[in-house]
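Trainee: Contents are JSON, C-alpha atoms and all ligand atoms; file name work-v5.json:
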[["chain", "number", "residue", "atom", "x", "y", "z"],
["A", 1, "MET", "CA", -37.42, -6.44, 71.20],
["A", 2, "GLU", "CA", -37.50, -2.71, 71.70],
["A", 3, "MET", "CA", -37.50, 0.03, 69.08],
["A", 4, "VAL", "CA", -34.87, 2.57, 69.99],
["A", 5, "TYR", "CA", -34.51, 4.81, 66.97],
["A", 6, "THR", "CA", -36.09, 5.59, 63.64],
["A", 7, "SER", "CA", -34.77, 7.59, 60.72],
["A", 8, "GLN", "CA", -35.40, 7.89, 57.02],
["A", 9, "ASP", "CA", -31.66, 7.59, 56.54],
["A", 10, "PHE", "CA", -30.42, 4.02, 56.32],
["A", 11, "ALA", "CA", -26.83, 5.17, 56.60],
["A", 12, "VAL", "CA", -27.56, 6.54, 60.07],
["A", 13, "LEU", "CA", -29.35, 3.37, 61.16],
["A", 14, "GLY", "CA", -26.57, 1.19, 59.81],
["A", 15, "HIS", "CA", -23.98, 3.27, 61.60],
["A", 16, "LEU", "CA", -25.88, 3.08, 64.90],
["A", 17, "GLN", "CA", -26.40, -0.64, 64.48],
["A", 18, "SER", "CA", -22.72, -1.31, 64.01],
["A", 19, "GLU", "CA", -21.82, 0.94, 66.94],
["A", 20, "LEU", "CA", -24.31, -0.78, 69.24],
["A", 21, "GLU", "CA", -23.17, -4.21, 68.14],
["A", 22, "GLY", "CA", -19.65, -3.06, 68.87],
["A", 23, "GLN", "CA", -20.89, -2.53, 72.43],
["A", 24, "GLY", "CA", -22.30, -6.05, 72.49],
["A", 25, "ILE", "CA", -25.90, -4.91, 72.03],
["A", 26, "GLU", "CA", -27.58, -7.07, 69.42],
["A", 27, "CYS", "CA", -29.90, -5.09, 67.16],
["A", 28, "VAL", "CA", -31.73, -5.24, 63.86],
["A", 29, "VAL", "CA", -33.00, -2.73, 61.30],
["A", 30, "ARG", "CA", -36.61, -3.29, 60.32],
["A", 31, "GLY", "CA", -38.75, -1.76, 57.63],
["A", 32, "GLN", "CA", -36.43, -1.89, 54.62],
["A", 33, "HIS", "CA", -39.08, -3.67, 52.57],
["A", 34, "LEU", "CA", -41.30, -0.60, 52.76],
["A", 35, "LEU", "CA", -38.88, 1.51, 50.78],
["A", 36, "GLY", "CA", -39.53, 0.42, 47.23],
["A", 37, "GLY", "CA", -40.52, 3.73, 45.69],
["A", 38, "VAL", "CA", -38.31, 6.24, 43.98],
["A", 39, "GLY", "CA", -38.34, 9.97, 44.55],
["A", 40, "GLU", "CA", -40.76, 10.73, 47.32],
["A", 41, "LEU", "CA", -39.63, 10.34, 50.91],
["A", 42, "PRO", "CA", -41.62, 7.77, 52.81],
["A", 43, "PRO", "CA", -44.07, 9.05, 55.42],
["A", 44, "ILE", "CA", -42.65, 8.96, 58.93],
["A", 45, "GLU", "CA", -44.62, 5.87, 59.92],
["A", 46, "CYS", "CA", -42.82, 3.96, 57.18],
["A", 47, "TRP", "CA", -39.32, 4.95, 58.19],
["A", 48, "PRO", "CA", -36.97, 2.09, 58.90],
["A", 49, "GLU", "CA", -36.48, 1.38, 62.58],
["A", 50, "LEU", "CA", -33.64, 0.22, 64.75],
["A", 51, "TRP", "CA", -34.66, -2.45, 67.25],
["A", 52, "VAL", "CA", -32.69, -3.81, 70.17],
["A", 53, "VAL", "CA", -33.19, -7.57, 70.44],
["A", 54, "ASP", "CA", -32.85, -7.63, 74.23],
["A", 55, "SER", "CA", -35.41, -5.14, 75.57],
["A", 56, "GLY", "CA", -33.52, -4.95, 78.85],
["A", 57, "ARG", "CA", -30.72, -3.16, 77.03],
["A", 58, "GLY", "CA", -33.02, -0.57, 75.47],
["A", 59, "PRO", "CA", -32.10, 2.25, 77.88],
["A", 60, "GLU", "CA", -28.41, 1.52, 77.41],
["A", 61, "ALA", "CA", -28.84, 1.53, 73.64],
["A", 62, "ARG", "CA", -30.72, 4.83, 73.74],
["A", 63, "ALA", "CA", -27.95, 6.39, 75.81],
["A", 64, "HIS", "CA", -25.37, 5.23, 73.26],
["A", 65, "ILE", "CA", -27.44, 6.57, 70.38],
["A", 66, "GLU", "CA", -27.86, 9.91, 72.11],
["A", 67, "ALA", "CA", -24.13, 10.16, 72.67],
["A", 68, "LEU", "CA", -23.37, 9.12, 69.08],
["A", 69, "LEU", "CA", -25.74, 11.63, 67.56],
["A", 70, "ALA", "CA", -25.08, 14.51, 69.92],
["A", 71, "PRO", "CA", -21.80, 16.02, 68.65],
["A", 72, "ALA", "CA", -23.00, 16.78, 65.12],
["A", 73, "GLY", "CA", -26.28, 18.32, 66.18],
["A", 74, "ALA", "CA", -25.10, 20.03, 69.34],
["A", 75, "ARG", "CA", -22.85, 22.67, 67.85],
["A", 76, "THR", "CA", -24.88, 25.76, 67.17],
["A", 77, "GLY", "CA", -22.26, 28.48, 67.37],
["A", 78, "PRO", "CA", -18.58, 29.17, 66.81],
["A", 79, "TRP", "CA", -16.10, 26.89, 68.51],
["A", 80, "THR", "CA", -12.64, 27.51, 69.81],
["A", 81, "CYS", "CA", -9.77, 25.38, 68.56],
["A", 82, "GLY", "CA", -8.15, 23.25, 71.24],
["A", 83, "GLY", "CA", -4.86, 23.34, 69.35],
["A", 84, "CYS", "CA", -4.25, 27.04, 68.78],
["A", 85, "GLY", "CA", -7.15, 28.85, 70.45],
["A", 86, "GLU", "CA", -8.49, 30.44, 67.25],
["A", 87, "GLU", "CA", -12.26, 30.79, 66.90],
["A", 88, "ASN", "CA", -13.90, 28.85, 64.07],
["A", 89, "PRO", "CA", -17.36, 29.14, 62.47],
["A", 90, "ALA", "CA", -19.84, 26.39, 63.41],
["A", 91, "THR", "CA", -19.76, 25.06, 59.85],
["A", 92, "PHE", "CA", -16.04, 24.25, 60.04],
["A", 93, "SER", "CA", -15.16, 20.78, 61.26],
["A", 94, "GLU", "CA", -11.44, 21.55, 61.28],
["A", 95, "CYS", "CA", -9.61, 24.62, 62.48],
["A", 96, "TRP", "CA", -8.97, 27.08, 59.64],
["A", 97, "HIS", "CA", -5.74, 28.09, 61.32],
["A", 98, "CYS", "CA", -3.93, 24.90, 62.30],
["A", 99, "GLY", "CA", -6.13, 22.09, 60.90],
["A", 100, "GLU", "CA", -6.96, 20.60, 64.29],
["A", 101, "GLU", "CA", -10.24, 18.68, 64.26],
["A", 102, "ASP", "CA", -13.10, 19.91, 66.38],
["A", 103, "LEU", "CA", -13.28, 16.98, 68.75],
["A", 104, "PRO", "CA", -15.72, 16.92, 71.63],
["A", 105, "LEU", "CA", -13.94, 17.80, 74.85],
["A", 106, "LYS", "CA", -12.62, 14.74, 76.54],
["A", 107, "GLU", "CA", -13.75, 14.19, 80.08],
["A", 108, "ALA", "CA", -10.98, 14.51, 82.59],
["A", 109, "CYS", "CA", -9.98, 11.18, 84.03],
["B", 201, "ZN", "ZN", -6.31, 25.70, 65.52]]
As a first step, turn the structure in this file into structure tokens.
Mentor:
Amino acid sequence: MEMVYTSQDFAVLGHLQSELEGQGIECVVRGQHLLGGVGELPPIECWPELWVVDSGRGPEARAHIEALLAPAGARTGPWTCGGCGEENPATFSECWHCGEEDLPLKEAC
């Protein structure tokens, strides 16, 4: 078993778990039982954790997680629409001009 990610947000862990399992990497979320209280956020050492069952796949799992989490956090400035070329503020997820989604650039094949 290898711990690959921790977050106070169960939605994120659940999403990562299903993505990793979609890649054939078996994983479990641990620590749910610690979250009984209401209101206050748990201290970081009590955050739920995502564990990969097969430690040998830990690095692979981390790479997937990094890729999955990167697009949302990576954009720090305006982006240019791939559909019409208009510039959009970083807070827009769709082009104000033509409605095209801001998808990460696809690697050329
Ligand atoms: Zn556009």
Trainee: Contacts of Asp9 in chain A at 10 Å or less, counting only C-alpha atoms, minus same-chain residues fewer than 5 places along, as a count of residues only?
Mentor: 4
Trainee: Could I get the residues of chain A with an atom no further than 9 Å from an atom of ligand ZN 201 (chain B), each paired with its nearest atom pair and that distance in Å to one decimal, using all atoms listed in the file, sorted by chain and residue number, as CSV?
Mentor:
residue,atom,partner,partner_atom,distance
A:Thr80,CA,B:ZN201,ZN,7.9
A:Cys81,CA,B:ZN201,ZN,4.6
A:Gly82,CA,B:ZN201,ZN,6.5
A:Gly83,CA,B:ZN201,ZN,4.7
A:Cys84,CA,B:ZN201,ZN,4.1
A:Gly85,CA,B:ZN201,ZN,5.9
A:Glu86,CA,B:ZN201,ZN,5.5
A:Glu87,CA,B:ZN201,ZN,8.0
A:Asn88,CA,B:ZN201,ZN,8.3
A:Glu94,CA,B:ZN201,ZN,7.8
A:Cys95,CA,B:ZN201,ZN,4.6
A:Trp96,CA,B:ZN201,ZN,6.6
A:His97,CA,B:ZN201,ZN,4.9
A:Cys98,CA,B:ZN201,ZN,4.1
A:Gly99,CA,B:ZN201,ZN,5.9
A:Glu100,CA,B:ZN201,ZN,5.3
A:Glu101,CA,B:ZN201,ZN,8.1
A:Asp102,CA,B:ZN201,ZN,9.0
Trainee: Report, in Å to a single decimal, how far apart CA of Arg62 in chain A and CA of Gly24 in chain A are.
Mentor: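 Distance between the two atoms: 13.8 Å.
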Trainee: Using CA of Phe10 in chain A and CA of Gly77 in chain A as the two end points, give the distance in Å to one decimal.
Mentor: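 These two atoms are separated by 28.1 Å.
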Trainee: Kindly indicate which residue among A:Trp51, A:Glu21, A:Phe92, A:Glu66 lies nearest to Pro78 in chain A, using all atoms listed in the file for the distances.
Mentor: A:Phe92
Trainee: Separation of CA of Ser55 in chain A and CA of Met3 in chain A, in Å?
Mentor: 8.6 Å
Trainee: Place a sphere of radius 7 Å on (-28.2, -6.4, 71.5) in the file coordinates and name every protein, DNA or RNA residue with an atom inside or on its surface, counting only C-alpha atoms; give the answer as a ChimeraX atom specification.
Mentor: /A:21,24-27,52-54,57
